[in-house]
$ cat entry_20.csv   # CSV, C-alpha atoms
chain,number,residue,atom,x,y,z
A,11,MET,CA,14.4,-8.2,9.1
A,12,LYS,CA,12.7,-9.9,6.2
A,13,ALA,CA,13.3,-8.5,2.7
A,14,VAL,CA,12.7,-9.4,-0.9
A,15,CYS,CA,16.1,-10.0,-2.6
A,16,TRP,CA,17.1,-10.3,-6.3
A,17,MET,CA,19.0,-13.5,-6.7
A,18,GLY,CA,19.2,-13.5,-10.5
A,19,PRO,CA,16.9,-13.3,-13.5
A,20,GLU,CA,13.5,-14.7,-12.5
A,21,LYS,CA,14.8,-15.5,-9.1
A,22,MET,CA,13.4,-13.5,-6.1
A,23,SER,CA,13.8,-14.7,-2.6
A,24,VAL,CA,12.6,-13.5,0.8
A,25,GLU,CA,15.7,-13.5,3.1
A,26,ASN,CA,16.6,-12.5,6.6
A,27,VAL,CA,19.0,-9.5,6.3
A,28,SER,CA,20.4,-7.0,8.7
A,29,ASP,CA,18.2,-4.1,9.8
A,30,PRO,CA,19.1,-0.7,8.3
A,31,LYS,CA,20.9,1.9,10.3
A,32,ILE,CA,21.3,5.6,10.2
A,33,LEU,CA,24.4,6.4,8.1
A,34,ASN,CA,24.1,10.1,7.5
A,35,PRO,CA,22.6,13.0,9.6
A,36,ARG,CA,19.7,13.4,7.1
A,37,ASP,CA,18.7,9.7,7.2
A,38,ALA,CA,15.5,8.3,8.7
A,39,ILE,CA,14.5,4.7,9.3
A,40,VAL,CA,11.0,3.8,8.3
A,41,LYS,CA,9.1,0.7,9.6
A,42,ILE,CA,7.2,-0.3,6.5
A,43,THR,CA,3.5,-1.0,6.8
A,44,SER,CA,2.7,-1.5,3.1
A,45,THR,CA,4.8,-2.0,0.0
A,46,ALA,CA,4.0,-3.1,-3.6
A,47,ILE,CA,5.4,-4.8,-6.7
A,48,CYS,CA,5.7,-2.2,-9.5
A,49,GLY,CA,5.6,-2.9,-13.2
A,50,SER,CA,9.2,-1.6,-13.5
A,51,ASP,CA,10.3,-4.2,-10.9
A,52,LEU,CA,9.4,-6.7,-13.6
A,53,HIS,CA,12.3,-5.4,-15.7
A,54,LEU,CA,14.6,-6.4,-12.8
A,55,TYR,CA,12.9,-9.7,-12.5
A,56,GLY,CA,13.4,-10.4,-16.2
A,57,GLY,CA,17.1,-9.5,-16.0
A,58,PHE,CA,16.7,-6.6,-18.4
A,59,MET,CA,18.4,-4.0,-16.2
A,60,PRO,CA,22.2,-4.0,-15.8
A,61,THR,CA,24.2,-3.6,-12.6
A,62,MET,CA,22.0,-5.7,-10.3
A,63,GLU,CA,23.9,-7.8,-7.8
A,64,GLN,CA,22.8,-11.0,-6.1
A,65,GLY,CA,21.2,-10.2,-2.8
A,66,ASP,CA,20.0,-6.7,-3.6
A,67,ILE,CA,16.9,-5.7,-1.8
A,68,VAL,CA,14.3,-4.6,-4.3
A,69,GLY,CA,11.1,-2.4,-4.2
A,70,HIS,CA,10.5,1.3,-4.5
A,71,GLU,CA,6.8,1.7,-3.5
A,72,PHE,CA,6.4,1.8,0.2
A,73,MET,CA,5.1,3.7,3.2
A,74,GLY,CA,5.1,3.3,7.0
A,75,GLU,CA,6.1,4.9,10.3
A,76,VAL,CA,9.2,6.8,11.1
A,77,VAL,CA,11.0,5.0,13.9
A,78,GLU,CA,14.3,6.9,13.9
A,79,VAL,CA,15.8,10.1,12.4
A,80,GLY,CA,19.3,11.4,12.0
A,81,PRO,CA,20.6,14.4,14.0
A,82,GLY,CA,20.5,16.6,10.9
A,83,ILE,CA,16.7,16.5,10.7
A,84,ARG,CA,14.6,19.1,12.6
A,85,PRO,CA,11.7,17.6,14.6
A,86,GLU,CA,9.2,20.0,12.9
A,87,THR,CA,10.3,18.5,9.6
A,88,LEU,CA,10.2,14.8,10.5
A,89,LYS,CA,10.2,12.9,13.7
A,90,ALA,CA,9.7,9.4,15.1
A,91,GLY,CA,6.0,8.4,15.0
A,92,ASP,CA,5.2,10.3,11.8
A,93,ARG,CA,3.3,8.3,9.2
A,94,VAL,CA,4.9,8.8,5.7
A,95,VAL,CA,4.7,7.8,2.1
A,96,VAL,CA,8.3,7.6,0.6
A,97,PRO,CA,8.8,8.6,-3.0
A,98,PHE,CA,10.7,6.2,-5.2
A,99,THR,CA,13.2,8.9,-6.3
A,100,ILE,CA,15.8,10.2,-3.9
A,101,ALA,CA,16.7,14.0,-3.9
A,102,CYS,CA,19.0,16.2,-1.9
A,103,GLY,CA,16.8,19.4,-2.2
A,104,ARG,CA,19.8,21.7,-2.6
A,105,CYS,CA,21.4,21.1,-6.0
A,106,PHE,CA,20.8,23.0,-9.3
A,107,PHE,CA,18.1,20.6,-10.4
A,108,CYS,CA,16.3,20.2,-7.0
A,109,GLN,CA,16.1,24.0,-6.8
A,110,ARG,CA,14.2,23.9,-10.1
A,111,GLU,CA,11.9,21.1,-8.9
A,112,LEU,CA,13.5,18.6,-11.3
A,113,TRP,CA,13.7,16.2,-8.4
A,114,SER,CA,14.4,13.1,-10.4
A,115,CYS,CA,17.4,14.8,-11.9
A,116,CYS,CA,19.1,15.4,-8.5
A,117,ASP,CA,22.9,15.7,-8.8
A,118,ASN,CA,23.8,14.5,-5.4
A,119,SER,CA,21.8,11.4,-4.6
A,120,ASN,CA,23.4,8.8,-6.8
A,121,PRO,CA,26.8,7.7,-5.3
A,122,ASN,CA,27.4,5.6,-8.4
A,123,TYR,CA,26.8,8.5,-10.8
A,124,TRP,CA,29.8,7.4,-12.9
A,125,MET,CA,28.0,4.2,-14.0
A,126,ALA,CA,25.0,6.2,-15.3
A,127,GLU,CA,27.2,8.8,-17.0
A,128,GLN,CA,28.9,6.1,-19.1
A,129,MET,CA,25.5,5.1,-20.5
A,130,MET,CA,23.5,8.3,-20.4
A,131,GLY,CA,26.0,11.1,-20.4
A,132,TYR,CA,24.7,12.4,-17.1
A,133,SER,CA,23.2,10.7,-14.0
A,134,PRO,CA,19.6,11.0,-12.8
A,135,SER,CA,18.8,10.8,-9.2
A,136,GLY,CA,19.2,7.8,-7.0
A,137,LEU,CA,16.3,5.3,-6.8
A,138,PHE,CA,15.3,2.9,-4.1
A,139,GLY,CA,15.9,-0.8,-4.9
A,140,TYR,CA,16.7,-0.2,-8.6
A,141,THR,CA,20.2,-1.3,-9.7
A,142,HIS,CA,23.7,-0.1,-8.6
A,143,MET,CA,23.7,2.3,-11.6
A,144,MET,CA,20.9,4.2,-9.8
A,145,GLY,CA,22.7,4.2,-6.5
A,146,GLY,CA,22.6,0.7,-5.1
A,147,TYR,CA,20.1,1.7,-2.4
A,148,ALA,CA,18.3,-1.0,-0.5
A,149,GLY,CA,14.6,-1.1,-1.6
A,150,GLY,CA,11.3,-1.1,0.3
A,151,GLN,CA,10.0,-4.6,-0.1
A,152,ALA,CA,11.1,-5.2,3.4
A,153,GLN,CA,10.2,-4.6,7.0
A,154,TYR,CA,12.4,-1.5,7.4
A,155,ALA,CA,14.1,0.9,5.1
A,156,ARG,CA,16.8,3.6,5.4
A,157,VAL,CA,15.6,6.8,3.7
A,158,PRO,CA,18.3,9.2,2.7
A,159,PHE,CA,17.6,13.0,2.6
A,160,ALA,CA,14.5,12.2,4.7
A,161,ASP,CA,13.9,15.9,5.3
A,162,ILE,CA,13.1,16.3,1.6
A,163,GLY,CA,11.4,13.1,0.3
A,164,PRO,CA,8.9,11.5,2.6
A,165,LEU,CA,5.3,13.0,2.6
A,166,LYS,CA,3.6,13.1,6.0
A,167,VAL,CA,0.1,11.7,5.7
A,168,PRO,CA,-2.9,11.7,8.1
A,169,ASP,CA,-3.7,8.7,10.3
A,170,GLY,CA,-7.4,8.5,9.3
A,171,ILE,CA,-6.8,7.3,5.7
A,172,PRO,CA,-5.9,3.6,5.1
A,173,ASP,CA,-2.7,2.6,3.5
A,174,ASP,CA,-4.4,1.3,0.4
A,175,LYS,CA,-5.5,4.8,-0.5
A,176,LEU,CA,-2.1,6.4,0.1
A,177,LEU,CA,0.5,3.8,-0.9
A,178,PHE,CA,0.5,4.6,-4.6
A,179,LEU,CA,1.5,8.2,-3.9
A,180,SER,CA,5.0,6.6,-3.7
A,181,ASP,CA,5.1,6.1,-7.5
A,182,ILE,CA,2.4,4.9,-9.9
A,183,PHE,CA,-0.3,7.6,-9.1
A,184,PRO,CA,2.1,10.6,-9.6
A,185,THR,CA,3.8,8.8,-12.5
A,186,GLY,CA,0.5,8.3,-14.3
A,187,TYR,CA,-0.4,12.0,-13.5
A,188,PHE,CA,3.0,13.2,-14.7
A,189,GLY,CA,2.5,11.3,-17.9
A,190,ALA,CA,-0.8,13.1,-18.4
A,191,VAL,CA,0.8,16.5,-17.5
A,192,ASN,CA,3.4,15.8,-20.2
A,193,CYS,CA,0.7,15.4,-22.7
A,194,ASP,CA,0.0,19.2,-22.5
A,195,ILE,CA,-3.7,18.5,-22.5
A,196,ARG,CA,-6.2,21.2,-23.5
A,197,PRO,CA,-9.9,21.1,-23.0
A,198,GLY,CA,-11.5,18.8,-25.6
A,199,ASP,CA,-8.3,16.9,-26.4
A,200,THR,CA,-8.2,13.2,-27.4
A,201,VAL,CA,-5.4,11.3,-25.6
A,202,ALA,CA,-4.3,7.8,-26.7
A,203,ILE,CA,-2.6,5.7,-24.0
A,204,TRP,CA,-0.7,2.5,-24.7
A,205,GLY,CA,-0.7,0.1,-21.7
A,206,CYS,CA,-3.5,-0.5,-19.2
A,207,GLY,CA,-1.3,-1.6,-16.3
A,208,PRO,CA,-1.3,0.4,-13.1
A,209,VAL,CA,0.5,3.5,-14.5
A,210,GLY,CA,-1.8,3.5,-17.5
A,211,GLN,CA,-4.9,3.2,-15.3
A,212,PHE,CA,-3.8,6.3,-13.3
A,213,ALA,CA,-2.9,8.1,-16.5
A,214,ILE,CA,-6.4,7.5,-17.9
A,215,ARG,CA,-8.0,9.0,-14.8
A,216,SER,CA,-5.4,11.8,-14.7
A,217,ALA,CA,-6.0,12.8,-18.3
A,218,PHE,CA,-9.7,13.3,-17.6
A,219,MET,CA,-8.7,15.3,-14.4
A,220,LEU,CA,-6.7,17.6,-16.7
A,221,GLY,CA,-9.5,18.2,-19.2
A,222,ALA,CA,-9.3,15.6,-21.9
A,223,GLU,CA,-12.6,14.9,-23.6
A,224,ARG,CA,-11.6,11.4,-24.9
A,225,VAL,CA,-9.1,8.9,-23.8
A,226,VAL,CA,-8.4,5.8,-25.9
A,227,ALA,CA,-6.6,3.0,-24.1
A,228,ILE,CA,-4.7,0.2,-26.0
A,229,ASP,CA,-3.9,-3.2,-24.5
A,230,ARG,CA,-4.6,-6.9,-25.1
A,231,PHE,CA,-5.8,-8.2,-21.8
A,232,PRO,CA,-9.6,-8.0,-21.4
A,233,TYR,CA,-9.5,-7.5,-17.6
A,234,ARG,CA,-7.2,-4.5,-18.0
A,235,LEU,CA,-9.3,-3.1,-20.8
A,236,ARG,CA,-12.4,-3.4,-18.6
A,237,GLN,CA,-10.7,-1.5,-15.9
A,238,ALA,CA,-9.8,1.2,-18.4
A,239,GLU,CA,-13.4,1.4,-19.5
A,240,GLN,CA,-14.5,1.8,-15.8
A,241,GLY,CA,-12.2,4.9,-15.8
A,242,GLY,CA,-14.0,6.3,-18.8
A,243,ALA,CA,-11.7,5.3,-21.6
A,244,GLU,CA,-12.6,3.9,-25.0
A,245,THR,CA,-10.5,0.8,-25.6
A,246,ILE,CA,-8.7,-1.0,-28.4
A,247,ASN,CA,-7.5,-4.6,-28.1
A,248,TYR,CA,-4.6,-4.6,-30.4
A,249,GLU,CA,-4.7,-8.4,-30.9
A,250,GLU,CA,-8.1,-7.9,-32.5
A,251,CYS,CA,-7.1,-4.9,-34.6
A,252,ASP,CA,-5.2,-5.1,-37.9
A,253,ASP,CA,-3.7,-1.6,-37.7
A,254,VAL,CA,-3.9,0.4,-34.4
A,255,VAL,CA,-2.5,3.6,-36.1
A,256,GLN,CA,-5.2,3.6,-38.8
A,257,LEU,CA,-7.9,2.8,-36.3
A,258,LEU,CA,-6.9,5.8,-34.2
A,259,LYS,CA,-7.0,8.0,-37.3
A,260,ASP,CA,-10.5,6.7,-38.1
A,261,MET,CA,-11.6,7.4,-34.5
A,262,THR,CA,-10.4,11.0,-34.7
A,263,GLY,CA,-11.7,12.1,-38.1
A,264,GLY,CA,-8.3,11.4,-39.8
A,265,ILE,CA,-6.4,13.8,-37.7
A,266,GLY,CA,-4.9,11.5,-35.0
A,267,PRO,CA,-4.9,11.9,-31.2
A,268,ASP,CA,-3.7,15.2,-29.8
A,269,SER,CA,-1.3,13.4,-27.6
A,270,CYS,CA,0.0,9.8,-27.4
A,271,MET,CA,1.4,8.2,-24.3
A,272,ASP,CA,3.7,5.2,-24.0
A,273,ALA,CA,2.9,3.7,-20.6
A,274,VAL,CA,4.5,0.4,-21.6
A,275,GLY,CA,8.2,1.0,-22.1
A,276,MET,CA,11.1,-1.3,-22.8
A,277,GLU,CA,9.3,-4.7,-22.8
A,278,ALA,CA,6.5,-3.9,-25.3
A,279,HIS,CA,4.7,-6.8,-27.0
A,280,SER,CA,3.0,-7.0,-30.4
A,281,GLN,CA,2.1,-9.4,-33.2
A,282,SER,CA,4.2,-7.6,-35.7
A,283,VAL,CA,7.4,-8.7,-37.5
A,284,MET,CA,9.3,-5.9,-35.7
A,285,TYR,CA,8.5,-7.6,-32.3
A,286,PHE,CA,10.4,-10.7,-33.4
A,287,VAL,CA,13.2,-8.5,-34.9
A,288,ASP,CA,13.5,-6.7,-31.6
A,289,ARG,CA,13.5,-9.9,-29.6
A,290,ALA,CA,16.2,-11.4,-31.8
A,291,LYS,CA,18.3,-8.2,-31.4
A,292,GLN,CA,17.9,-8.4,-27.6
A,293,MET,CA,19.2,-12.0,-27.6
A,294,LEU,CA,22.2,-10.9,-29.7
A,295,MET,CA,22.8,-8.0,-27.3
A,296,ALA,CA,22.4,-5.6,-30.3
A,297,GLU,CA,19.5,-3.8,-28.7
A,298,THR,CA,18.4,-3.5,-25.1
A,299,ASP,CA,14.8,-2.4,-25.3
A,300,ARG,CA,11.7,-3.2,-27.4
A,301,PRO,CA,10.3,0.2,-28.5
A,302,LEU,CA,7.2,-1.1,-30.4
A,303,VAL,CA,4.8,1.2,-28.6
A,304,LEU,CA,7.0,4.3,-29.0
A,305,ARG,CA,7.1,3.7,-32.7
A,306,GLN,CA,3.3,3.4,-32.9
A,307,ALA,CA,2.8,6.5,-30.7
A,308,ILE,CA,5.0,8.6,-33.0
A,309,GLN,CA,3.2,7.3,-36.1
A,310,ALA,CA,-0.3,7.8,-34.6
A,311,CYS,CA,0.1,11.2,-33.0
A,312,ARG,CA,-1.4,14.1,-34.9
A,313,LYS,CA,0.8,16.7,-36.5
A,314,GLY,CA,2.1,19.2,-33.9
A,315,GLY,CA,1.0,16.9,-31.1
A,316,THR,CA,2.8,15.6,-28.1
A,317,VAL,CA,4.3,12.2,-27.2
A,318,SER,CA,4.5,11.4,-23.5
A,319,VAL,CA,6.7,8.6,-22.3
A,320,PRO,CA,6.3,7.5,-18.6
A,321,GLY,CA,7.2,4.0,-19.6
A,322,VAL,CA,10.7,2.9,-18.5
A,323,TYR,CA,13.5,2.5,-20.9
A,324,GLY,CA,16.9,1.2,-19.9
A,325,GLY,CA,19.3,1.6,-22.8
A,326,PHE,CA,19.3,1.7,-26.6
A,327,ILE,CA,16.6,1.3,-29.1
A,328,ASP,CA,16.5,0.8,-32.9
A,329,LYS,CA,14.4,1.6,-36.0
A,330,MET,CA,12.8,4.7,-34.7
A,331,PRO,CA,10.6,6.7,-37.1
A,332,MET,CA,12.5,9.9,-36.7
A,333,GLY,CA,11.4,11.1,-40.1
A,334,ALA,CA,7.8,11.0,-38.9
A,335,PHE,CA,8.8,12.6,-35.5
A,336,MET,CA,10.6,15.5,-37.2
A,337,ASN,CA,8.4,16.2,-40.2
A,338,LYS,CA,5.1,16.1,-38.1
A,339,GLY,CA,6.6,18.6,-35.7
A,340,LEU,CA,6.0,16.5,-32.6
A,341,THR,CA,7.2,17.2,-29.1
A,342,MET,CA,8.3,14.4,-26.8
A,343,LYS,CA,8.3,14.7,-23.0
A,344,THR,CA,9.5,12.0,-20.6
A,345,GLY,CA,11.5,11.3,-17.5
A,346,GLN,CA,11.4,9.7,-14.1
A,347,THR,CA,8.6,11.5,-12.2
A,348,HIS,CA,9.5,14.6,-10.2
A,349,MET,CA,7.7,13.1,-7.3
A,350,MET,CA,7.8,16.0,-4.7
A,351,ARG,CA,6.0,18.2,-7.3
A,352,PHE,CA,2.9,16.0,-7.3
A,353,MET,CA,2.6,14.0,-4.1
A,354,LYS,CA,1.0,16.7,-1.9
A,355,PRO,CA,-1.5,17.9,-4.6
A,356,LEU,CA,-2.6,14.3,-5.3
A,357,LEU,CA,-2.9,13.6,-1.6
A,358,GLU,CA,-5.3,16.5,-1.4
A,359,ARG,CA,-7.4,15.0,-4.2
A,360,VAL,CA,-7.5,11.7,-2.3
A,361,GLU,CA,-8.6,13.6,0.9
A,362,ARG,CA,-11.3,15.3,-1.0
A,363,GLY,CA,-12.6,12.0,-2.3
A,364,GLU,CA,-11.9,12.8,-6.0
A,365,ILE,CA,-10.1,9.5,-6.5
A,366,ASP,CA,-9.6,6.3,-4.5
A,367,PRO,CA,-6.3,4.9,-5.7
A,368,SER,CA,-7.0,1.5,-4.2
A,369,PHE,CA,-9.1,0.6,-7.2
A,370,VAL,CA,-6.0,-0.8,-8.9
A,371,ILE,CA,-5.3,-3.5,-6.2
A,372,SER,CA,-6.1,-7.1,-7.1
A,373,HIS,CA,-3.9,-9.0,-4.6
A,374,ARG,CA,-2.9,-8.4,-1.0
A,375,VAL,CA,-0.4,-11.0,0.4
A,376,PRO,CA,2.2,-11.4,3.1
A,377,ILE,CA,5.7,-10.6,2.0
A,378,HIS,CA,6.8,-14.3,2.0
A,379,ARG,CA,4.6,-14.8,-1.1
A,380,ALA,CA,6.4,-12.1,-3.1
A,381,PRO,CA,8.6,-14.4,-5.2
A,382,GLU,CA,5.5,-16.3,-6.6
A,383,MET,CA,3.6,-13.0,-7.1
A,384,TYR,CA,6.3,-11.6,-9.3
A,385,LYS,CA,5.6,-14.4,-11.7
A,386,VAL,CA,1.8,-14.0,-11.4
A,387,PHE,CA,2.1,-10.2,-12.0
A,388,ARG,CA,4.5,-10.6,-14.9
A,389,ASP,CA,2.5,-13.3,-16.6
A,390,LYS,CA,-0.9,-11.6,-16.1
A,391,GLN,CA,-2.3,-14.6,-14.2
A,392,GLU,CA,-5.3,-14.4,-11.9
A,393,SER,CA,-6.4,-11.0,-13.5
A,394,CYS,CA,-3.5,-9.5,-11.6
A,395,THR,CA,-3.3,-5.7,-11.8
A,396,LYS,CA,-1.4,-4.7,-8.6
A,397,VAL,CA,0.2,-6.7,-5.8
A,398,VAL,CA,0.4,-5.1,-2.3
A,399,LEU,CA,2.7,-6.9,0.2
A,400,ASP,CA,2.3,-6.8,4.0
A,401,PRO,CA,5.8,-7.1,5.6
A,402,TRP,CA,4.3,-8.1,8.9
A,403,ALA,CA,1.4,-10.5,8.1
A,404,ASP,CA,1.5,-14.2,8.8
A,405,GLY,CA,-1.4,-15.2,6.5
A,406,ALA,CA,-2.8,-14.1,3.2
A,407,MET,CA,-5.8,-11.7,3.0
A,408,ALA,CA,-8.1,-11.8,0.0
A,409,ALA,CA,-8.4,-8.7,-2.0
$ encode --input "entry_20.csv" --output "structure tokens"
Amino acid sequence: MKAVCWMGPEKMSVENVSDPKILNPRDAIVKITSTAICGSDLHLYGGFMPTMEQGDIVGHEFMGEVVEVGPGIRPETLKAGDRVVVPFTIACGRCFFCQRELWSCCDNSNPNYWMAEQMMGYSPSGLFGYTHMMGGYAGGQAQYARVPFADIGPLKVPDGIPDDKLLFLSDIFPTGYFGAVNCDIRPGDTVAIWGCGPVGQFAIRSAFMLGAERVVAIDRFPYRLRQAEQGGAETINYEECDDVVQLLKDMTGGIGPDSCMDAVGMEAHSQSVMYFVDRAKQMLMAETDRPLVLRQAIQACRKGGTVSVPGVYGGFIDKMPMGAFMNKGLTMKTGQTHMMRFMKPLLERVERGEIDPSFVISHRVPIHRAPEMYKVFRDKQESCTKVVLDPWADGAMAA
């Protein structure tokens, strides 16, 4: 089969690799009909995530048709021919954490748990196509994928809805929604969201779904800010603003937003001196992530407010304003998304016509163009907001 493989920093390649096989009784094999490049895949592309190995199959946003199931899966749960969306997290369904619906904290799905324990103290769940520290599982930017614990993760979806409206239930729609849930939104609240990429766009719309009165979105790319405005947000271009924190205070009568969301994560950009300090520390291996947005979110959030962090962080950060965090009485909520908690309710919203997640797609291309599209997506070329890959297409199809 064809698959997108990580060959080193800024080196992706489409290779012919062996088809996946059933390895465990609760496995399934899915023929992938649509897959996508996620913003967090760009951290792999840039070489910022440790424990990647040359030839690893990447990708964690995918859906398709079940073609084979292991003997441990009952037909009423999952069978060949079922159309499914596969969540990016892998969960056993039986451990302490799964029983509490903390699916992304599963204790049994990361065979390389010891790697994560060395860095984090404990291991989160396994993830598709996302480092050996997170399990070393082959990803979904391919023609087929093996899905472990397939009686727990995949969501069966109806045939009458096109892939474009369903694919993002695999990650970015629930992740944006989870980010908004973690804001503890009350009717009338103001929510500030840093980052107008795909997760940020879904977070904007989710914040309104959950009762926010105002959403302020912060980014620097006009096409992403326009898309945020189409979702109802007020916008700030931070390259045209001397002080984002002060402007947010001014916009909220001096109080500050009720909640602030970091939908950017470890590769944040700014024009500040601290940006160059963080970059220098990264080059010296003295810091792994650039927490510029997280610092601003803590400083901007009103006293007693909530900071939500759906943005991905990989290691260690420096110069955090913990004095502001503690003295203002803030709460921080974060984590990989507990996917199985949100996929079905959000599918129902799609079925009712409350949201069409395909709005975020800017590019649809055959899988062989994936390597070039990583660069286009990373460098914000061609007004790129989201790339969907067709594993079986021969020619490009315009968005």
$ atom_distance --input "entry_20.csv" --atom1 "atom CA of Thr344 of chain A" --atom2 "atom CA of Pro208 of chain A"
17.5 Å
$ residues_around --input "entry_20.csv" --residues "segment 359-376 of chain A" --least-positions-apart "3" --cutoff "6 Å" --atoms "only C-alpha atoms" --output "VMD selection string"
chain A and resid 174 to 175 356 379 394 to 400 403 406 to 407 409
$ closest_residue --input "entry_20.csv" --among "A:Pro134, A:Ala160, A:Thr316, A:Val274" --to "Phe107 of chain A" --atoms "all atoms listed in the file"
A:Pro134
$ residues_around --input "entry_20.csv" --residues "Gln256 of chain A" --least-positions-apart "4" --cutoff "9 Å" --atoms "all atoms listed in the file" --output "PyMOL selection string"
chain A and resi 252+260-261+264+266+310
$ write_last_selection --input "entry_20.csv" --atoms "C-alpha atoms" --output "compact mmCIF listing (two decimals), in the coordinates of the input"
# COMPACT_ATOMS: atom_id res chain seq x y z
CA ASP A 252 -5.20 -5.10 -37.90
CA ASP A 260 -10.50 6.70 -38.10
CA MET A 261 -11.60 7.40 -34.50
CA GLY A 264 -8.30 11.40 -39.80
CA GLY A 266 -4.90 11.50 -35.00
CA ALA A 310 -0.30 7.80 -34.60
$ closest_residue --input "entry_20.csv" --among "A:Lys21, A:Lys313, A:Arg230, A:Lys390" --to "Lys259 of chain A" --atoms "all atoms listed in the file"
A:Lys313
$ closest_residue --input "entry_20.csv" --among "A:Asn122, A:Thr200, A:Gln153, A:Asn247" --to "Glu25 of chain A" --atoms "all atoms listed in the file"
A:Gln153
$ closest_residue --input "entry_20.csv" --among "A:Glu239, A:Glu223, A:Asp199, A:Glu297" --to "Gln211 of chain A" --atoms "all atoms listed in the file"
A:Glu239
$ closest_residue --input "entry_20.csv" --among "A:Asp194, A:Asp29, A:Glu111, A:Glu244" --to "Ile214 of chain A" --atoms "all atoms listed in the file"
A:Glu244
$ closest_residue --input "entry_20.csv" --among "A:Pro197, A:Gly74, A:Pro320, A:Gly65" --to "Leu176 of chain A" --atoms "only C-alpha atoms"
A:Gly74
$ atom_distance --input "entry_20.csv" --atom1 "atom CA of Thr245 of chain A" --atom2 "atom CA of Cys206 of chain A"
9.6 Å
$ residues_around --input "entry_20.csv" --residues "Pro184 of chain A" --least-positions-apart "3" --cutoff "10 Å" --atoms "only C-alpha atoms" --output "PyMOL selection string"
chain A and resi 97+178-181+187-191+209+212-213+216+347-357
$ decode --input "entry_20.csv" --residues "segment 345-357 of chain A" --atoms "N, CA, C and O atoms" --output "compact mmCIF listing (two decimals), in the first residue's frame"
# COMPACT_ATOMS: atom_id res chain seq x y z
N GLY A 345 -5.08 18.86 27.98
CA GLY A 345 -5.04 17.42 27.74
C GLY A 345 -5.32 17.07 26.30
O GLY A 345 -5.94 17.84 25.56
N GLN A 346 -4.83 15.89 25.89
CA GLN A 346 -5.31 15.33 24.63
C GLN A 346 -6.81 15.07 24.78
O GLN A 346 -7.30 14.73 25.86
N THR A 347 -7.54 15.22 23.71
CA THR A 347 -9.00 15.17 23.77
C THR A 347 -9.49 13.77 24.14
O THR A 347 -9.01 12.77 23.60
N HIS A 348 -10.45 13.71 25.05
CA HIS A 348 -11.11 12.45 25.39
C HIS A 348 -12.16 12.17 24.31
O HIS A 348 -13.36 12.42 24.46
N MET A 349 -11.68 11.65 23.19
CA MET A 349 -12.43 11.64 21.93
C MET A 349 -13.80 10.97 22.03
O MET A 349 -14.81 11.48 21.53
N MET A 350 -13.85 9.80 22.64
CA MET A 350 -15.09 9.03 22.65
C MET A 350 -16.19 9.71 23.46
O MET A 350 -17.35 9.34 23.38
N ARG A 351 -15.82 10.73 24.24
CA ARG A 351 -16.82 11.49 24.99
C ARG A 351 -17.58 12.45 24.07
O ARG A 351 -18.72 12.82 24.36
N PHE A 352 -16.95 12.85 22.95
CA PHE A 352 -17.51 13.93 22.15
C PHE A 352 -17.91 13.53 20.73
O PHE A 352 -18.69 14.24 20.09
N MET A 353 -17.37 12.44 20.20
CA MET A 353 -17.59 12.13 18.79
C MET A 353 -19.06 11.95 18.43
O MET A 353 -19.55 12.52 17.46
N LYS A 354 -19.77 11.15 19.21
CA LYS A 354 -21.17 10.88 18.89
C LYS A 354 -22.04 12.13 19.03
O LYS A 354 -22.84 12.44 18.14
N PRO A 355 -21.94 12.89 20.14
CA PRO A 355 -22.74 14.12 20.23
C PRO A 355 -22.45 15.11 19.11
O PRO A 355 -23.37 15.78 18.61
N LEU A 356 -21.19 15.20 18.68
CA LEU A 356 -20.88 16.13 17.59
C LEU A 356 -21.35 15.59 16.25
O LEU A 356 -21.75 16.36 15.37
N LEU A 357 -21.34 14.27 16.07
CA LEU A 357 -21.95 13.68 14.86
C LEU A 357 -23.42 14.06 14.78
O LEU A 357 -23.93 14.41 13.71
